[in-house]
file data04.csv (CSV, C-alpha atoms)
chain,number,residue,atom,x,y,z
A,190,MET,CA,84.8,88.9,98.6
A,191,THR,CA,86.4,89.8,95.3
A,192,ALA,CA,89.5,88.4,93.6
A,193,THR,CA,91.3,91.6,94.5
A,194,ASP,CA,90.5,91.1,98.2
A,195,ASP,CA,91.7,87.6,98.0
A,196,THR,CA,95.0,88.7,96.5
A,197,ILE,CA,95.4,91.5,99.1
A,198,ARG,CA,94.9,89.1,101.9
A,199,ALA,CA,97.3,86.5,100.4
A,200,VAL,CA,100.0,89.2,100.1
A,201,ILE,CA,99.5,90.4,103.7
A,202,ASP,CA,99.6,86.8,104.9
A,203,GLU,CA,102.9,86.1,103.0
A,204,HIS,CA,104.7,89.4,103.7
A,205,GLY,CA,103.1,91.0,106.7
A,206,ARG,CA,104.7,88.9,109.4
A,207,LEU,CA,101.5,89.2,111.5
A,208,PRO,CA,101.2,87.1,114.7
A,209,VAL,CA,97.7,86.0,113.5
A,210,ALA,CA,96.4,84.5,110.3
A,211,ILE,CA,94.8,87.1,108.0
A,212,SER,CA,91.7,84.9,107.7
A,213,THR,CA,90.9,85.8,111.4
A,214,LEU,CA,90.9,89.6,110.6
A,215,ASN,CA,88.2,91.9,109.4
A,216,ASP,CA,88.7,94.2,106.5
A,217,ASP,CA,88.8,97.3,108.7
A,218,ASP,CA,91.1,95.8,111.4
A,219,ASP,CA,94.2,98.0,112.0
A,220,LEU,CA,97.2,96.0,110.8
A,221,TYR,CA,99.7,98.2,112.7
A,222,GLU,CA,97.9,97.6,116.0
A,223,ILE,CA,98.0,93.8,115.3
A,224,GLY,CA,101.7,93.9,114.6
A,225,LEU,CA,102.5,95.1,111.1
A,226,SER,CA,106.0,96.8,111.3
A,227,SER,CA,107.2,99.5,109.0
A,228,HIS,CA,109.6,97.1,107.4
A,229,ALA,CA,106.9,94.5,106.9
A,230,SER,CA,104.7,97.1,105.3
A,231,VAL,CA,107.5,97.7,102.8
A,232,ASN,CA,107.3,94.0,101.9
A,233,VAL,CA,103.5,94.1,101.7
A,234,MET,CA,103.8,97.1,99.3
A,235,LEU,CA,106.4,95.3,97.1
A,236,GLY,CA,104.2,92.1,97.2
A,237,LEU,CA,101.2,94.1,96.1
A,238,GLU,CA,103.1,95.8,93.3
A,239,GLU,CA,104.3,92.4,92.1
A,240,ALA,CA,100.9,90.8,92.3
A,241,PHE,CA,99.0,93.6,90.6
A,242,GLU,CA,101.8,94.8,88.3
A,243,ILE,CA,101.6,98.3,89.5
A,244,GLU,CA,103.9,100.8,91.4
A,245,PHE,CA,102.6,102.9,94.3
A,246,PRO,CA,103.4,106.5,93.6
A,247,ASP,CA,105.1,108.6,96.3
A,248,ALA,CA,101.7,110.3,97.1
A,249,LEU,CA,100.4,106.9,98.3
A,250,LEU,CA,103.4,106.1,100.5
A,251,ARG,CA,101.5,107.0,103.7
A,252,LYS,CA,101.2,104.9,106.7
A,253,GLY,CA,97.4,104.9,106.3
A,254,THR,CA,97.7,103.3,102.8
A,255,PHE,CA,98.6,99.9,104.4
A,256,ARG,CA,96.6,100.3,107.6
A,257,SER,CA,93.9,97.8,106.7
A,258,VAL,CA,92.6,95.6,103.9
A,259,THR,CA,90.0,98.2,103.2
A,260,ALA,CA,92.6,101.0,103.0
A,261,ILE,CA,94.8,98.9,100.7
A,262,ARG,CA,91.7,98.1,98.5
A,263,GLU,CA,90.9,101.9,98.2
A,264,ALA,CA,94.6,102.7,97.4
A,265,LEU,CA,94.6,100.1,94.7
A,266,GLY,CA,91.3,101.4,93.4
A,267,SER,CA,92.8,104.8,93.0
A,268,LEU,CA,95.4,103.1,90.7
A,269,GLY,CA,92.6,101.4,88.7
A,270,VAL,CA,93.0,98.0,90.3
A,271,GLY,CA,89.8,96.1,91.0
A,272,VAL,CA,87.5,98.8,89.7
A,273,ALA,CA,85.9,96.5,87.1
A,274,GLU,CA,84.9,94.0,89.8
A,275,LEU,CA,82.8,96.7,91.4
A,276,GLU,CA,81.0,97.8,88.3
B,1168,MET,CA,115.9,125.4,121.7
B,1169,THR,CA,114.0,122.1,121.8
B,1170,LEU,CA,115.6,118.7,121.3
B,1171,LEU,CA,113.6,115.9,119.7
B,1172,VAL,CA,114.6,112.2,119.8
B,1173,GLY,CA,113.7,109.4,117.4
B,1174,VAL,CA,114.7,105.8,117.8
B,1175,ASP,CA,114.1,102.6,115.8
B,1176,ILE,CA,115.3,99.0,115.7
B,1177,GLN,CA,115.4,96.6,112.8
B,1178,ALA,CA,116.1,92.9,112.6
B,1179,VAL,CA,118.9,92.1,110.2
B,1180,ASP,CA,117.4,88.8,109.0
B,1181,GLU,CA,114.3,90.6,107.8
B,1182,VAL,CA,116.3,92.8,105.6
B,1183,GLU,CA,118.3,89.7,104.4
B,1184,LEU,CA,115.0,88.0,103.5
B,1185,SER,CA,113.7,91.0,101.7
B,1186,ILE,CA,116.8,91.3,99.6
B,1187,ALA,CA,116.5,87.6,98.7
B,1188,ARG,CA,112.8,87.9,97.9
B,1189,PHE,CA,112.6,91.3,96.1
B,1190,GLY,CA,116.3,91.9,95.2
B,1191,ASP,CA,117.1,95.1,93.4
B,1192,LYS,CA,113.5,96.4,93.6
B,1193,TYR,CA,113.7,96.3,97.4
B,1194,CYS,CA,117.1,98.0,97.5
B,1195,ARG,CA,116.3,100.7,95.0
B,1196,ARG,CA,112.9,101.5,96.5
B,1197,LEU,CA,114.4,102.2,100.0
B,1198,PHE,CA,118.0,103.2,99.5
B,1199,THR,CA,119.9,105.8,97.5
B,1200,GLU,CA,122.8,105.0,95.2
B,1201,HIS,CA,125.2,106.3,97.8
B,1202,GLU,CA,123.7,104.1,100.5
B,1203,LEU,CA,123.9,101.0,98.4
B,1204,GLU,CA,127.4,101.8,97.3
B,1205,VAL,CA,128.8,102.2,100.8
B,1206,SER,CA,126.9,99.2,102.0
B,1207,SER,CA,128.0,96.8,99.3
B,1208,SER,CA,131.7,97.0,100.1
B,1209,SER,CA,131.3,93.7,101.9
B,1210,ALA,CA,128.7,91.3,100.5
B,1211,ALA,CA,128.4,89.5,103.8
B,1212,ASN,CA,127.5,92.7,105.6
B,1213,ILE,CA,125.1,94.4,103.2
B,1214,ALA,CA,122.0,93.3,105.1
B,1215,ARG,CA,123.5,94.4,108.4
B,1216,SER,CA,124.5,97.8,107.0
B,1217,LEU,CA,121.1,98.3,105.3
B,1218,ALA,CA,119.3,97.3,108.4
B,1219,GLY,CA,121.1,100.1,110.3
B,1220,LYS,CA,120.3,102.6,107.6
B,1221,PHE,CA,116.6,101.5,107.5
B,1222,ALA,CA,116.4,102.0,111.3
B,1223,ALA,CA,118.0,105.4,110.9
B,1224,LYS,CA,115.5,106.4,108.2
B,1225,GLU,CA,112.6,105.3,110.4
B,1226,ALA,CA,114.0,107.2,113.4
B,1227,VAL,CA,114.1,110.3,111.3
B,1228,MET,CA,110.7,109.6,109.9
B,1229,LYS,CA,109.3,109.6,113.5
B,1230,LEU,CA,110.6,113.1,113.9
B,1231,ILE,CA,109.5,114.7,110.7
B,1232,SER,CA,106.2,112.9,110.0
B,1233,HIS,CA,102.9,114.3,111.0
B,1234,ASP,CA,99.2,114.1,110.0
B,1235,GLY,CA,99.9,110.6,108.5
B,1236,THR,CA,102.2,112.1,105.9
B,1237,VAL,CA,105.5,110.2,105.6
B,1238,SER,CA,108.3,110.7,103.2
B,1239,PRO,CA,109.6,108.3,100.5
B,1240,TRP,CA,112.5,106.4,102.1
B,1241,ARG,CA,115.0,107.7,99.5
B,1242,SER,CA,114.3,111.3,100.5
B,1243,ILE,CA,116.1,110.5,103.7
B,1244,GLU,CA,119.7,109.6,102.9
B,1245,ILE,CA,122.1,108.2,105.5
B,1246,ARG,CA,125.5,109.5,104.4
B,1247,GLY,CA,128.9,108.2,105.3
B,1248,GLY,CA,130.5,104.8,105.3
B,1249,THR,CA,130.7,104.0,109.0
B,1250,ASP,CA,128.0,104.1,111.7
B,1251,ARG,CA,130.1,106.5,113.7
B,1252,THR,CA,130.4,109.1,111.0
B,1253,SER,CA,127.0,108.8,109.4
B,1254,GLU,CA,124.9,111.9,108.8
B,1255,VAL,CA,121.4,112.6,107.8
B,1256,GLY,CA,120.7,114.2,104.4
B,1257,LEU,CA,117.1,115.3,103.5
B,1258,SER,CA,115.6,116.1,100.1
B,1259,GLY,CA,112.2,116.5,98.6
B,1260,VAL,CA,109.2,115.6,100.8
B,1261,ALA,CA,111.5,114.8,103.8
B,1262,ALA,CA,113.2,118.2,103.6
B,1263,ALA,CA,109.8,119.9,103.3
B,1264,LEU,CA,108.4,118.0,106.3
B,1265,ALA,CA,111.4,118.9,108.4
B,1266,ARG,CA,111.1,122.6,107.5
B,1267,GLN,CA,107.4,122.5,108.5
B,1268,ARG,CA,108.3,121.1,111.9
B,1269,GLY,CA,111.2,123.6,112.3
B,1270,LEU,CA,113.8,120.9,112.5
B,1271,GLU,CA,117.2,122.1,111.6
B,1272,LYS,CA,120.1,119.9,112.6
B,1273,PHE,CA,120.1,116.1,112.9
B,1274,THR,CA,122.6,114.0,114.8
B,1275,LEU,CA,122.6,110.3,114.2
B,1276,SER,CA,124.0,107.2,115.9
B,1277,ILE,CA,123.7,103.7,114.5
B,1278,SER,CA,124.5,100.5,116.5
B,1279,HIS,CA,124.5,96.8,115.8
B,1280,CYS,CA,124.2,93.9,118.2
B,1281,GLY,CA,123.8,90.4,117.0
B,1282,LYS,CA,120.6,90.1,114.9
B,1283,PHE,CA,119.5,93.7,115.3
B,1284,ALA,CA,120.5,97.2,114.2
B,1285,THR,CA,119.3,100.2,116.1
B,1286,ALA,CA,119.5,104.0,115.4
B,1287,ALA,CA,118.9,107.1,117.5
B,1288,VAL,CA,118.5,110.5,116.0
B,1289,VAL,CA,118.5,113.8,117.8
B,1290,ALA,CA,117.1,116.9,116.1
B,1291,THR,CA,117.1,120.5,117.1
B,1292,THR,CA,114.3,122.9,116.4
B,1293,ALA,CA,114.6,126.4,115.1
B,1294,THR,CA,112.8,128.0,118.0
B,1295,PHE,CA,113.3,128.1,121.7
B,1296,THR,CA,110.6,126.4,123.8
B,1297,ASP,CA,109.2,129.9,124.6
B,1298,GLY,CA,108.5,130.4,120.9
B,1299,THR,CA,111.3,132.9,120.2
B,1300,ALA,CA,113.7,132.3,117.3
B,1301,SER,CA,117.0,130.7,118.0
call {"tool": "encode", "arguments": {"input": "data04.csv", "output": "structure tokens"}}
result
Amino acid sequence: MTATDDTIRAVIDEHGRLPVAISTLNDDDDLYEIGLSSHASVNVMLGLEEAFEIEFPDALLRKGTFRSVTAIREALGSLGVGVAELE
Amino acid sequence: MTLLVGVDIQAVDEVELSIARFGDKYCRRLFTEHELEVSSSSAANIARSLAGKFAAKEAVMKLISHDGTVSPWRSIEIRGGTDRTSEVGLSGVAAALARQRGLEKFTLSISHCGKFATAAVVATTATFTDGTAS
């Protein structure tokens, strides 16, 4: 697991208001099915923006962007976050 | 003509916590200048008012979104100072999505009870159910 993944999971844990700990979830688990609300996803988005010092453009404001750890990692990757860790 | 209904509910304390945690960034990411202006007339009620507006935006979003495409929250504006007179104004992506779905007129009702705000939106489509134009 990369530092980016650790930060993503920490942000979800802090802001996602999920009924289970993020440590019990797999990267591809559907966060909405587990209990992520639209409002909580806003907080996750703002928490990610704060943690990575980025801003999600309107084009990424899709429900799918915050559906799973994997989806968030890919969205952040499209903004240049965590790319160096994979090289 | 077809009627579509969207509903949503929002806990006021969650909005209150988000304002406390993210402050202006939270407010300005979700709400327009107009929405913030009419909601800030009473500092004690700002979270209550914004919770109603967020529920209304989500209710509209349920009607206009498709194929995973959602609109930025600010492109759905809840206009008016009171819940009884609130109206829906669409711009940008939200307006385009509504056009694609043939949605013309939105009627909105927002209600509060204790810790929750709820909103119901009814939209009419531009075509009759048999496919002919209205």
call {"tool": "residues_around", "arguments": {"input": "data04.csv", "residues": "B:Arg1246", "least_positions_apart": "5", "cutoff": "10 Å", "atoms": "only C-alpha atoms", "output": "PyMOL selection string"}}
result
chain B and resi 1199+1201-1202+1205+1220+1252-1256
call {"tool": "closest_residue", "arguments": {"input": "data04.csv", "among": "B:Leu1270, B:Ala1290, B:Ala1222, B:Ala1284", "to": "chain A", "atoms": "all atoms listed in the file"}}
result
B:Ala1222
call {"tool": "closest_residue", "arguments": {"input": "data04.csv", "among": "A:Asp217, A:Glu222, A:Glu263, A:Glu203", "to": "chain B", "atoms": "all atoms listed in the file"}}
result
A:Glu203
call {"tool": "closest_atom_pairs", "arguments": {"input": "data04.csv", "of": "chain A", "to": "chain B", "cutoff": "8 Å", "atoms": "all atoms listed in the file", "output": "tab-separated table"}}
result
residue	atom	partner	partner_atom	distance
A:His228	CA	B:Gln1177	CA	7.9
A:Asn232	CA	B:Ser1185	CA	7.1
A:Leu235	CA	B:Tyr1193	CA	7.4
A:Asp247	CA	B:Pro1239	CA	6.2
A:Leu250	CA	B:Pro1239	CA	6.6
A:Arg251	CA	B:Val1237	CA	5.5
A:Lys252	CA	B:Gly1235	CA	6.1
A:Gly253	CA	B:Gly1235	CA	6.6
call {"tool": "atom_distance", "arguments": {"input": "data04.csv", "atom1": "atom CA of B:Thr1292", "atom2": "atom CA of B:Met1168"}}
result
6.1 Å
call {"tool": "residues_around", "arguments": {"input": "data04.csv", "residues": "A:Ala264", "least_positions_apart": "2", "cutoff": "10 Å", "atoms": "only C-alpha atoms", "output": "NGL selection string"}}
result
:A and (245 or 249-250 or 253-255 or 258-262 or 266-270)
call {"tool": "atom_distance", "arguments": {"input": "data04.csv", "atom1": "atom CA of A:Arg256", "atom2": "atom CA of B:Ile1176"}}
result
20.4 Å
call {"tool": "closest_residue", "arguments": {"input": "data04.csv", "among": "A:Arg206, A:Leu265, A:Thr191, A:Ala199", "to": "A:Ala229", "atoms": "all atoms listed in the file"}}
result
A:Arg206
call {"tool": "atom_distance", "arguments": {"input": "data04.csv", "atom1": "atom CA of B:Val1174", "atom2": "atom CA of B:Val1227"}}
result
7.9 Å
call {"tool": "closest_residue", "arguments": {"input": "data04.csv", "among": "B:Arg1241, B:His1279, B:Lys1229, B:Lys1272", "to": "B:Ser1216", "atoms": "all atoms listed in the file"}}
result
B:His1279
call {"tool": "residues_around", "arguments": {"input": "data04.csv", "residues": "A:Ser212", "least_positions_apart": "4", "cutoff": "10 Å", "atoms": "all atoms listed in the file", "output": "PyMOL selection string"}}
result
chain A and resi 198-199+202+216
call {"tool": "closest_residue", "arguments": {"input": "data04.csv", "among": "A:Glu242, A:Gly236, A:Ala248, A:Ser257", "to": "A:Val200", "atoms": "only C-alpha atoms"}}
result
A:Gly236
call {"tool": "build_atoms", "arguments": {"input": "data04.csv", "residues": "stretch 1211-1231 of chain B", "atoms": "N, CA and C atoms", "output": "short mmCIF file (atom, residue, chain, number, x, y, z; two decimals), in the frame of the given file"}}
result
data_model
loop_
_atom_site.label_atom_id
_atom_site.label_comp_id
_atom_site.auth_asym_id
_atom_site.auth_seq_id
_atom_site.Cartn_x
_atom_site.Cartn_y
_atom_site.Cartn_z
N ALA B 1211 128.91 90.22 102.61
CA ALA B 1211 128.40 89.50 103.80
C ALA B 1211 127.70 90.49 104.75
N ASN B 1212 128.07 91.76 104.68
CA ASN B 1212 127.50 92.70 105.60
C ASN B 1212 126.46 93.64 105.07
N ILE B 1213 126.06 93.41 103.82
CA ILE B 1213 125.10 94.40 103.20
C ILE B 1213 123.80 94.43 103.96
N ALA B 1214 123.26 93.28 104.36
CA ALA B 1214 122.00 93.30 105.10
C ALA B 1214 122.14 93.99 106.43
N ARG B 1215 123.27 93.74 107.09
CA ARG B 1215 123.50 94.40 108.40
C ARG B 1215 123.61 95.89 108.24
N SER B 1216 124.33 96.33 107.20
CA SER B 1216 124.50 97.80 107.00
C SER B 1216 123.15 98.41 106.59
N LEU B 1217 122.41 97.76 105.69
CA LEU B 1217 121.10 98.30 105.30
C LEU B 1217 120.10 98.32 106.38
N ALA B 1218 120.18 97.33 107.28
CA ALA B 1218 119.30 97.30 108.40
C ALA B 1218 119.51 98.54 109.31
N GLY B 1219 120.78 98.89 109.49
CA GLY B 1219 121.10 100.10 110.30
C GLY B 1219 120.58 101.35 109.61
N LYS B 1220 120.74 101.40 108.30
CA LYS B 1220 120.30 102.60 107.60
C LYS B 1220 118.74 102.66 107.57
N PHE B 1221 118.07 101.50 107.47
CA PHE B 1221 116.60 101.50 107.50
C PHE B 1221 116.14 102.01 108.89
N ALA B 1222 116.76 101.51 109.94
CA ALA B 1222 116.40 102.00 111.30
C ALA B 1222 116.62 103.46 111.43
N ALA B 1223 117.70 103.96 110.84
CA ALA B 1223 118.00 105.40 110.90
C ALA B 1223 116.91 106.20 110.15
N LYS B 1224 116.54 105.71 108.97
CA LYS B 1224 115.50 106.40 108.20
C LYS B 1224 114.18 106.44 108.99
N GLU B 1225 113.83 105.33 109.61
CA GLU B 1225 112.60 105.30 110.40
C GLU B 1225 112.66 106.18 111.61
N ALA B 1226 113.84 106.26 112.22
CA ALA B 1226 114.00 107.20 113.40
C ALA B 1226 113.80 108.61 112.95
N VAL B 1227 114.34 108.97 111.79
CA VAL B 1227 114.10 110.30 111.30
C VAL B 1227 112.67 110.54 110.92
N MET B 1228 112.07 109.50 110.32
CA MET B 1228 110.70 109.60 109.90
C MET B 1228 109.77 109.92 111.12
N LYS B 1229 110.10 109.33 112.27
CA LYS B 1229 109.30 109.60 113.50
C LYS B 1229 109.36 111.03 113.90
N LEU B 1230 110.45 111.71 113.56
CA LEU B 1230 110.60 113.10 113.90
C LEU B 1230 109.90 114.06 112.95
N ILE B 1231 109.94 113.71 111.69
CA ILE B 1231 109.50 114.70 110.70
C ILE B 1231 108.02 114.42 110.25
#
